[in-house]
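Peer 1: Below is the file final25.cif, which contains mmCIF, C-alpha atoms, pLDDT in the B column; chains and numbers go by the auth columns.
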```cif
data_my_file
loop_
_atom_site.group_PDB
_atom_site.id
_atom_site.type_symbol
_atom_site.label_atom_id
_atom_site.label_comp_id
_atom_site.label_asym_id
_atom_site.label_seq_id
_atom_site.Cartn_x
_atom_site.Cartn_y
_atom_site.Cartn_z
_atom_site.B_iso_or_equiv
_atom_site.auth_seq_id
_atom_site.auth_asym_id
ATOM 1 C CA MET A 1 -127.975 134.611 26.845 55.00 124 A
ATOM 2 C CA MET A 2 -125.769 133.013 24.205 53.00 125 A
ATOM 3 C CA ASN A 3 -122.472 134.852 24.604 56.00 126 A
ATOM 4 C CA ASN A 4 -120.056 131.994 23.938 66.00 127 A
ATOM 5 C CA PRO A 5 -118.591 132.185 20.410 71.00 128 A
ATOM 6 C CA ALA A 6 -118.428 128.391 20.438 72.00 129 A
ATOM 7 C CA ASP A 7 -122.232 128.306 20.445 75.00 130 A
ATOM 8 C CA TYR A 8 -122.262 130.170 17.143 80.00 131 A
ATOM 9 C CA PHE A 9 -119.628 127.809 15.826 80.00 132 A
ATOM 10 C CA ALA A 10 -122.045 124.979 16.662 78.00 133 A
ATOM 11 C CA ALA A 11 -124.504 126.489 14.191 85.00 134 A
ATOM 12 C CA LEU A 12 -122.060 126.250 11.288 85.00 135 A
ATOM 13 C CA LEU A 13 -120.889 122.853 12.524 82.00 136 A
ATOM 14 C CA MET A 14 -124.394 121.399 12.433 87.00 137 A
ATOM 15 C CA GLY A 15 -125.000 122.770 8.956 87.00 138 A
ATOM 16 C CA LEU A 16 -121.695 121.461 7.605 82.00 139 A
ATOM 17 C CA ALA A 17 -121.900 118.117 9.416 81.00 140 A
ATOM 18 C CA GLY A 18 -125.358 117.528 7.999 78.00 141 A
ATOM 19 C CA ALA A 19 -124.094 117.460 4.397 70.00 142 A
ATOM 20 C CA GLY A 20 -125.133 113.878 3.736 68.00 143 A
ATOM 21 C CA HIS A 21 -128.427 114.354 5.540 69.00 144 A
ATOM 22 C CA CYS A 22 -129.179 117.500 3.529 68.00 145 A
ATOM 23 C CA LEU A 23 -128.448 115.750 0.244 63.00 146 A
ATOM 24 C CA MET A 24 -130.821 112.922 1.107 63.00 147 A
ATOM 25 C CA MET A 25 -133.572 115.105 2.607 62.00 148 A
ATOM 26 C CA CYS A 26 -133.403 118.183 0.364 62.00 149 A
ATOM 27 C CA GLY A 27 -131.323 117.099 -2.616 56.00 150 A
ATOM 28 C CA GLY A 28 -134.337 115.710 -4.411 54.00 151 A
ATOM 29 C CA LEU A 29 -136.210 118.928 -3.739 56.00 152 A
ATOM 30 C CA ALA A 30 -133.421 120.998 -5.226 57.00 153 A
ATOM 31 C CA GLY A 31 -133.319 118.539 -8.117 55.00 154 A
ATOM 32 C CA ALA A 32 -136.844 119.600 -9.030 53.00 155 A
ATOM 33 C CA LEU A 33 -135.306 122.915 -10.126 58.00 156 A
ATOM 34 C CA GLY A 34 -133.839 121.121 -13.123 54.00 157 A
ATOM 35 C CA ALA A 35 -131.122 118.684 -14.086 53.00 158 A
ATOM 36 C CA LYS A 36 -128.527 121.458 -14.071 64.00 159 A
ATOM 37 C CA PRO A 37 -129.939 124.481 -12.229 70.00 160 A
ATOM 38 C CA SER A 38 -128.009 127.709 -12.594 79.00 161 A
ATOM 39 C CA ALA A 39 -126.070 129.161 -9.689 79.00 162 A
ATOM 40 C CA THR A 40 -128.620 131.968 -9.497 85.00 163 A
ATOM 41 C CA GLU A 41 -131.523 129.521 -9.300 83.00 164 A
ATOM 42 C CA LEU A 42 -129.827 127.454 -6.591 83.00 165 A
ATOM 43 C CA LEU A 43 -128.879 130.527 -4.610 88.00 166 A
ATOM 44 C CA THR A 44 -132.381 132.016 -4.844 91.00 167 A
ATOM 45 C CA TYR A 45 -133.979 128.739 -3.784 87.00 168 A
ATOM 46 C CA ASN A 46 -131.620 128.373 -0.827 89.00 169 A
ATOM 47 C CA LEU A 47 -132.033 131.993 0.255 93.00 170 A
ATOM 48 C CA GLY A 48 -135.751 131.293 0.507 93.00 171 A
ATOM 49 C CA ARG A 49 -135.065 128.165 2.559 91.00 172 A
ATOM 50 C CA ILE A 50 -132.660 129.975 4.882 95.00 173 A
ATOM 51 C CA SER A 51 -135.096 132.851 5.354 97.00 174 A
ATOM 52 C CA SER A 52 -137.567 130.352 6.837 96.00 175 A
ATOM 53 C CA TYR A 53 -134.865 129.169 9.230 96.00 176 A
ATOM 54 C CA VAL A 54 -134.229 132.762 10.290 97.00 177 A
ATOM 55 C CA VAL A 55 -137.929 133.387 10.930 97.00 178 A
ATOM 56 C CA ALA A 56 -138.108 130.216 13.019 96.00 179 A
ATOM 57 C CA GLY A 57 -134.991 131.282 14.919 96.00 180 A
ATOM 58 C CA VAL A 58 -136.495 134.703 15.675 96.00 181 A
ATOM 59 C CA LEU A 59 -139.659 133.076 17.030 96.00 182 A
ATOM 60 C CA VAL A 60 -137.744 130.563 19.152 95.00 183 A
ATOM 61 C CA GLY A 61 -135.404 133.268 20.437 93.00 184 A
ATOM 62 C CA LEU A 62 -138.363 135.447 21.385 94.00 185 A
ATOM 63 C CA LEU A 63 -140.043 132.603 23.279 93.00 186 A
ATOM 64 C CA SER A 64 -136.730 131.901 25.015 90.00 187 A
ATOM 65 C CA GLN A 65 -136.431 135.561 25.996 90.00 188 A
ATOM 66 C CA LEU A 66 -139.905 135.494 27.540 91.00 189 A
ATOM 67 C CA ALA A 67 -139.151 132.254 29.397 88.00 190 A
ATOM 68 C CA VAL A 68 -135.863 133.543 30.821 85.00 191 A
ATOM 69 C CA ALA A 69 -137.609 136.737 31.960 83.00 192 A
ATOM 70 C CA GLN A 70 -140.011 134.618 34.009 86.00 193 A
ATOM 71 C CA PHE A 71 -137.625 131.886 35.172 83.00 194 A
ATOM 72 C CA THR A 72 -133.938 132.652 35.686 75.00 195 A
ATOM 73 C CA SER A 73 -133.023 128.966 35.501 80.00 196 A
ATOM 74 C CA ALA A 74 -134.708 128.528 32.107 84.00 197 A
ATOM 75 C CA LEU A 75 -131.523 129.242 30.139 82.00 198 A
ATOM 76 C CA LEU A 76 -129.619 126.501 31.946 86.00 199 A
ATOM 77 C CA GLY A 77 -132.449 124.094 31.207 88.00 200 A
ATOM 78 C CA LEU A 78 -132.329 125.095 27.546 89.00 201 A
ATOM 79 C CA ARG A 79 -128.593 124.366 27.462 88.00 202 A
ATOM 80 C CA PHE A 80 -129.227 120.868 28.770 92.00 203 A
ATOM 81 C CA LEU A 81 -131.908 120.406 26.116 90.00 204 A
ATOM 82 C CA ALA A 82 -129.658 121.715 23.330 89.00 205 A
ATOM 83 C CA ALA A 83 -126.832 119.394 24.396 92.00 206 A
ATOM 84 C CA LEU A 84 -129.146 116.381 24.402 93.00 207 A
ATOM 85 C CA PHE A 85 -130.505 117.368 20.982 91.00 208 A
ATOM 86 C CA LEU A 86 -126.973 117.583 19.601 90.00 209 A
ATOM 87 C CA ILE A 87 -126.056 114.161 20.996 93.00 210 A
ATOM 88 C CA ALA A 88 -129.269 112.691 19.577 92.00 211 A
ATOM 89 C CA LEU A 89 -128.505 114.257 16.209 90.00 212 A
ATOM 90 C CA GLY A 90 -124.987 112.806 16.245 91.00 213 A
ATOM 91 C CA LEU A 91 -126.374 109.350 17.007 93.00 214 A
ATOM 92 C CA TYR A 92 -128.880 109.816 14.176 90.00 215 A
ATOM 93 C CA PHE A 93 -126.201 110.816 11.660 86.00 216 A
ATOM 94 C CA ALA A 94 -124.004 107.902 12.715 88.00 217 A
ATOM 95 C CA GLY A 95 -126.886 105.453 12.297 87.00 218 A
ATOM 96 C CA TRP A 96 -126.778 104.317 15.932 92.00 219 A
ATOM 97 C CA TRP A 97 -130.149 105.650 17.118 90.00 220 A
ATOM 98 C CA PHE A 98 -133.095 106.954 15.112 87.00 221 A
ATOM 99 C CA GLY A 99 -135.161 108.713 17.748 87.00 222 A
ATOM 100 C CA MET A 100 -134.944 111.904 15.674 86.00 223 A
ATOM 101 C CA GLN A 101 -137.231 110.287 13.131 84.00 224 A
ATOM 102 C CA GLN A 102 -140.002 110.279 15.726 85.00 225 A
ATOM 103 C CA LEU A 103 -139.564 114.023 16.161 82.00 226 A
ATOM 104 C CA GLU A 104 -139.642 114.560 12.403 81.00 227 A
ATOM 105 C CA ARG A 105 -142.945 112.685 12.231 85.00 228 A
ATOM 106 C CA LEU A 106 -144.536 115.271 14.525 83.00 229 A
ATOM 107 C CA GLY A 107 -144.134 117.904 11.813 80.00 230 A
ATOM 108 C CA ARG A 108 -145.568 115.800 8.988 80.00 231 A
ATOM 109 C CA PRO A 109 -149.225 116.896 9.370 84.00 232 A
ATOM 110 C CA LEU A 110 -148.209 120.528 8.783 80.00 233 A
ATOM 111 C CA TRP A 111 -145.928 119.525 5.919 76.00 234 A
ATOM 112 C CA GLN A 112 -148.700 117.579 4.217 82.00 235 A
ATOM 113 C CA ARG A 113 -150.641 120.834 3.996 84.00 236 A
ATOM 114 C CA LEU A 114 -147.669 122.815 2.693 81.00 237 A
ATOM 115 C CA ALA A 115 -146.243 120.291 0.217 76.00 238 A
ATOM 116 C CA PRO A 116 -148.816 120.856 -2.591 82.00 239 A
ATOM 117 C CA SER A 117 -148.095 124.600 -2.572 82.00 240 A
ATOM 118 C CA ALA A 118 -144.361 123.945 -2.617 74.00 241 A
ATOM 119 C CA ARG A 119 -144.655 121.692 -5.665 75.00 242 A
ATOM 120 C CA LYS A 120 -146.705 124.267 -7.540 81.00 243 A
ATOM 121 C CA LEU A 121 -144.179 126.991 -6.746 79.00 244 A
ATOM 122 C CA GLN A 122 -141.296 124.810 -7.957 72.00 245 A
ATOM 123 C CA GLN A 123 -142.952 124.565 -11.359 75.00 246 A
ATOM 124 C CA GLN A 124 -142.638 128.315 -11.812 77.00 247 A
ATOM 125 C CA ARG A 125 -139.578 129.417 -13.740 75.00 248 A
ATOM 126 C CA SER A 126 -139.261 132.885 -12.199 86.00 249 A
ATOM 127 C CA LEU A 127 -136.737 133.670 -9.466 89.00 250 A
ATOM 128 C CA ALA A 128 -139.612 134.869 -7.283 91.00 251 A
ATOM 129 C CA GLY A 129 -141.161 131.436 -7.650 87.00 252 A
ATOM 130 C CA ARG A 130 -137.859 129.766 -6.778 86.00 253 A
ATOM 131 C CA PHE A 131 -137.506 131.919 -3.679 92.00 254 A
ATOM 132 C CA ALA A 132 -141.101 131.228 -2.584 91.00 255 A
ATOM 133 C CA ALA A 133 -140.576 127.490 -3.112 87.00 256 A
ATOM 134 C CA GLY A 134 -137.480 127.661 -0.919 88.00 257 A
ATOM 135 C CA VAL A 135 -139.443 129.480 1.792 92.00 258 A
ATOM 136 C CA VAL A 136 -142.018 126.682 1.880 89.00 259 A
ATOM 137 C CA TRP A 137 -139.445 123.867 1.720 86.00 260 A
ATOM 138 C CA GLY A 138 -137.719 125.480 4.699 89.00 261 A
ATOM 139 C CA TRP A 139 -140.511 124.105 6.875 89.00 262 A
ATOM 140 C CA LEU A 140 -139.855 120.495 5.858 85.00 263 A
ATOM 141 C CA PRO A 141 -139.786 118.341 9.038 84.00 264 A
ATOM 142 C CA CYS A 142 -136.091 117.815 9.742 86.00 265 A
ATOM 143 C CA GLY A 143 -134.294 116.662 12.881 86.00 266 A
ATOM 144 C CA LEU A 144 -131.259 118.683 11.834 89.00 267 A
ATOM 145 C CA VAL A 145 -133.284 121.909 11.802 91.00 268 A
ATOM 146 C CA TYR A 146 -134.990 121.056 15.083 91.00 269 A
ATOM 147 C CA SER A 147 -131.600 120.535 16.735 89.00 270 A
ATOM 148 C CA ALA A 148 -130.389 123.884 15.425 91.00 271 A
ATOM 149 C CA LEU A 149 -133.520 125.549 16.803 93.00 272 A
ATOM 150 C CA SER A 150 -132.826 124.094 20.239 90.00 273 A
ATOM 151 C CA TRP A 151 -129.491 125.923 20.149 88.00 274 A
ATOM 152 C CA ALA A 152 -131.121 129.091 18.840 90.00 275 A
ATOM 153 C CA ALA A 153 -133.230 129.020 21.988 89.00 276 A
ATOM 154 C CA LEU A 154 -130.014 129.563 23.983 85.00 277 A
ATOM 155 C CA SER A 155 -129.681 133.010 22.431 82.00 278 A
ATOM 156 C CA GLY A 156 -132.305 134.445 24.732 79.00 279 A
ATOM 157 C CA THR A 157 -133.247 137.125 22.185 89.00 280 A
ATOM 158 C CA ALA A 158 -135.151 137.189 18.911 92.00 281 A
ATOM 159 C CA ALA A 159 -132.300 138.874 17.024 92.00 282 A
ATOM 160 C CA GLN A 160 -129.642 136.418 18.157 92.00 283 A
ATOM 161 C CA GLY A 161 -131.964 133.478 17.538 93.00 284 A
ATOM 162 C CA GLY A 162 -132.368 134.668 13.961 95.00 285 A
ATOM 163 C CA LEU A 163 -128.607 135.149 13.624 93.00 286 A
ATOM 164 C CA TYR A 164 -127.960 131.643 14.886 92.00 287 A
ATOM 165 C CA MET A 165 -130.291 130.098 12.323 95.00 288 A
ATOM 166 C CA LEU A 166 -128.754 132.270 9.601 95.00 289 A
ATOM 167 C CA LEU A 167 -125.345 130.799 10.421 93.00 290 A
ATOM 168 C CA PHE A 168 -126.841 127.320 10.459 93.00 291 A
ATOM 169 C CA GLY A 169 -128.431 127.908 7.051 93.00 292 A
ATOM 170 C CA LEU A 170 -125.148 129.157 5.623 92.00 293 A
ATOM 171 C CA GLY A 171 -123.506 126.003 6.941 90.00 294 A
ATOM 172 C CA THR A 172 -125.904 123.890 4.861 87.00 295 A
ATOM 173 C CA LEU A 173 -125.158 125.753 1.616 86.00 296 A
ATOM 174 C CA PRO A 174 -122.100 123.713 0.558 79.00 297 A
ATOM 175 C CA ALA A 175 -124.145 120.501 0.624 75.00 298 A
ATOM 176 C CA MET A 176 -127.025 122.029 -1.322 77.00 299 A
ATOM 177 C CA PHE A 177 -124.706 123.467 -3.959 74.00 300 A
ATOM 178 C CA ALA A 178 -122.928 120.113 -4.058 67.00 301 A
ATOM 179 C CA PHE A 179 -126.126 118.581 -5.378 61.00 302 A
ATOM 180 C CA GLY A 180 -126.204 120.862 -8.373 58.00 303 A
ATOM 181 C CA TRP A 181 -122.515 121.243 -9.122 59.00 304 A
ATOM 182 C CA PHE A 182 -120.355 118.507 -7.597 56.00 305 A
ATOM 183 C CA THR A 183 -119.696 115.201 -9.309 51.00 306 A
ATOM 184 C CA GLY A 184 -121.515 112.035 -8.384 59.00 307 A
ATOM 185 C CA ALA A 185 -118.336 110.793 -6.704 59.00 308 A
ATOM 186 C CA VAL A 186 -118.248 113.759 -4.316 60.00 309 A
ATOM 187 C CA GLN A 187 -121.943 113.346 -3.571 63.00 310 A
ATOM 188 C CA SER A 188 -121.340 109.677 -2.823 71.00 311 A
ATOM 189 C CA ILE A 189 -118.636 110.618 -0.317 68.00 312 A
ATOM 190 C CA LEU A 190 -120.919 113.094 1.439 68.00 313 A
ATOM 191 C CA LYS A 191 -123.669 110.476 1.634 69.00 314 A
ATOM 192 C CA ALA A 192 -121.322 107.678 2.682 76.00 315 A
ATOM 193 C CA GLN A 193 -121.930 106.012 6.032 78.00 316 A
ATOM 194 C CA GLY A 194 -118.311 106.582 7.051 84.00 317 A
ATOM 195 C CA PHE A 195 -118.592 110.339 6.502 83.00 318 A
ATOM 196 C CA ARG A 196 -121.920 110.469 8.342 84.00 319 A
ATOM 197 C CA GLN A 197 -120.479 108.505 11.257 88.00 320 A
ATOM 198 C CA ALA A 198 -117.451 110.802 11.495 89.00 321 A
ATOM 199 C CA MET A 199 -119.682 113.868 11.553 87.00 322 A
ATOM 200 C CA GLY A 200 -121.995 112.151 14.031 89.00 323 A
ATOM 201 C CA VAL A 201 -119.112 111.482 16.423 92.00 324 A
ATOM 202 C CA LEU A 202 -118.016 115.105 16.124 89.00 325 A
ATOM 203 C CA LEU A 203 -121.494 116.298 17.092 90.00 326 A
ATOM 204 C CA ILE A 204 -121.711 113.823 19.971 93.00 327 A
ATOM 205 C CA VAL A 205 -118.387 115.021 21.381 92.00 328 A
ATOM 206 C CA TYR A 206 -119.501 118.649 21.173 90.00 329 A
ATOM 207 C CA GLY A 207 -122.840 117.770 22.760 91.00 330 A
ATOM 208 C CA VAL A 208 -121.196 115.888 25.646 94.00 331 A
ATOM 209 C CA TRP A 209 -118.796 118.781 26.213 91.00 332 A
ATOM 210 C CA THR A 210 -121.757 121.180 26.354 88.00 333 A
ATOM 211 C CA LEU A 211 -123.562 118.849 28.751 92.00 334 A
ATOM 212 C CA ILE A 212 -120.537 118.788 31.072 93.00 335 A
ATOM 213 C CA ILE A 213 -120.459 122.592 31.087 87.00 336 A
ATOM 214 C CA ALA A 214 -124.159 122.708 31.946 87.00 337 A
ATOM 215 C CA LEU A 215 -123.636 120.208 34.783 91.00 338 A
ATOM 216 C CA ARG A 216 -120.783 122.290 36.177 89.00 339 A
ATOM 217 C CA GLN A 217 -122.977 125.386 36.091 84.00 340 A
ATOM 218 C CA THR A 218 -125.704 123.476 37.924 85.00 341 A
ATOM 219 C CA VAL A 219 -123.254 122.419 40.645 84.00 342 A
ATOM 220 C CA ALA A 220 -121.942 125.988 40.955 82.00 343 A
ATOM 221 C CA MET A 221 -125.467 127.304 41.434 77.00 344 A
ATOM 222 C CA ALA A 222 -126.313 124.666 44.075 64.00 345 A
#
```
Take the structure from the file and write it as structure tokens.
Peer 2:
Amino acid sequence: MMNNPADYFAALLMGLAGAGHCLMMCGGLAGALGAKPSATELLTYNLGRISSYVVAGVLVGLLSQLAVAQFTSALLGLRFLAALFLIALGLYFAGWWFGMQQLERLGRPLWQRLAPSARKLQQQRSLAGRFAAGVVWGWLPCGLVYSALSWAALSGTAAQGGLYMLLFGLGTLPAMFAFGWFTGAVQSILKAQGFRQAMGVLLIVYGVWTLIIALRQTVAMA
């Protein structure tokens, strides 16, 4: 089970570190809400998006719980996987390795089916329409989300998996609100290669540290 507070910190860290990635992947989607969407519109849209993350986290946590019930070593294996995902994500952010793009491509067939509905929902002016559009956009293929889900799997329970993805979603909010409210200069900083590299290094360091912990646990169990 995920009982280390640092694991929950990783959720916020991934969301915050992915600011530039979020602006490039989802900024244009949020821009479809209007040139200057209101705070209520942005919040409603993002609540819909985060709710999809929570649902995905619940499902992943439930599957993890079932796996751990059958295989006691499954949780340790999941920690290795989560650490590798985090390192891969850091390399992706830094622009040093783009293997995450291959993973994102796996989700494109599903997204191609969902995208038309999302565009129709975005054309609605009601808050319900905004929320529904956010729910659909939450399933956009994204290496950042996939990495967060790998950590949600460490929770070992559906409830904690959902909580983890909620924290991750909250971590992405500053970047999404930056699109609608920050100046172009601030957006440029968040998208800058230097900022992305710094955040990438931070994620790599955390991933390596997690990998070392997992290796120590493996040795202790041997």
Peer 1: Counting all atoms listed in the file, which residues sit no farther than 7 Å from the position (-137.7, 131.7, -1.1) in the file's frame? I'd like them as a list in words.
Peer 2: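 Within 7 Å of (-137.7, 131.7, -1.1), the protein and nucleic acid residues are Thr167, Tyr168, Asn169, Leu170, Gly171, Arg172, Arg253, Phe254, Ala255, Ala256, Gly257 and Val258 of chain A.
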Peer 1: What box, with edges along x, y and z, holds each listed atom of range 234-249 of chain A when 5 Å is added on every side, and can you state its centre and edge lengths in Å to one decimal, as lines of an AutoDock Vina configuration file?
Peer 2:
```
center_x = -145.0
center_y = 125.2
center_z = -3.9
size_x = 21.4
size_y = 25.3
size_z = 29.7
```
Peer 1: Apply the PyMOL selection byres ((chain A and resi 209) around 8) to the displayed file and report the matching residues as a list in words.
Peer 2: Ala205, Ala206, Leu207, Phe208, Ile210, Ala211, Leu212, Gly213, Ser270, Leu326, Ile327, Tyr329 and Gly330 of chain A
Peer 1: Let me see the file: selected residues, C-alpha atoms, as a JSON list (two decimals), in the coordinates of the input.
Peer 2:
```json
[["chain", "number", "residue", "atom", "x", "y", "z"],
["A", 205, "ALA", "CA", -129.66, 121.72, 23.33],
["A", 206, "ALA", "CA", -126.83, 119.39, 24.40],
["A", 207, "LEU", "CA", -129.15, 116.38, 24.40],
["A", 208, "PHE", "CA", -130.50, 117.37, 20.98],
["A", 210, "ILE", "CA", -126.06, 114.16, 21.00],
["A", 211, "ALA", "CA", -129.27, 112.69, 19.58],
["A", 212, "LEU", "CA", -128.50, 114.26, 16.21],
["A", 213, "GLY", "CA", -124.99, 112.81, 16.24],
["A", 270, "SER", "CA", -131.60, 120.54, 16.74],
["A", 326, "LEU", "CA", -121.49, 116.30, 17.09],
["A", 327, "ILE", "CA", -121.71, 113.82, 19.97],
["A", 329, "TYR", "CA", -119.50, 118.65, 21.17],
["A", 330, "GLY", "CA", -122.84, 117.77, 22.76]]
```
Peer 1: Apply the PyMOL selection byres ((chain A and resi 173-186) around 7) to the structure shown and report the selected residues as a ChimeraX atom specification.
Peer 2: /A:169-172,187-190,258,261-262,272,275-276,278-286,288-289,292
Peer 1: Convert the output of the PyMOL selection byres ((chain A and resi 137) around 9) on the shown file into explicit residues, formatted as a list of chain:residue names.
Peer 2: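 Taken over the shown coordinates, the PyMOL selection byres ((chain A and resi 137) around 9) returns A:Phe132, A:Ala133, A:Ala134, A:Leu135, A:Leu136, A:Gly138, A:Leu139, A:Ala140, A:Gly141, A:Ala142, A:Leu209, A:Leu267, A:Val268, A:Ser270, A:Ala271, A:Phe291, A:Gly294, A:Thr295, A:Met322, A:Leu326.
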Peer 1: Identify which of the residues A:Pro264, A:Leu296, A:Tyr269, A:Phe216 lies closest to Arg228 in chain A, counting only C-alpha atoms when measuring atom-to-atom distances.
Peer 2: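 When distances to Arg228 in chain A are compared using only C-alpha atoms, the smallest one comes from A:Pro264.
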Peer 1: Ranking A:Pro128, A:Pro160, A:Gly200, A:Gly266 by minimum distance to Ala337 in chain A and counting only C-alpha atoms, which one comes first?
Peer 2: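 Under the stated criterion, the closest residue is A:Gly200.
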Peer 1: For Val331 in chain A, which residue among A:Leu263, A:Phe203, A:Ser196, A:Ser249 is the nearest when counting all atoms listed in the file?
Peer 2: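 Closest residue, counting all atoms listed in the file: A:Phe203.
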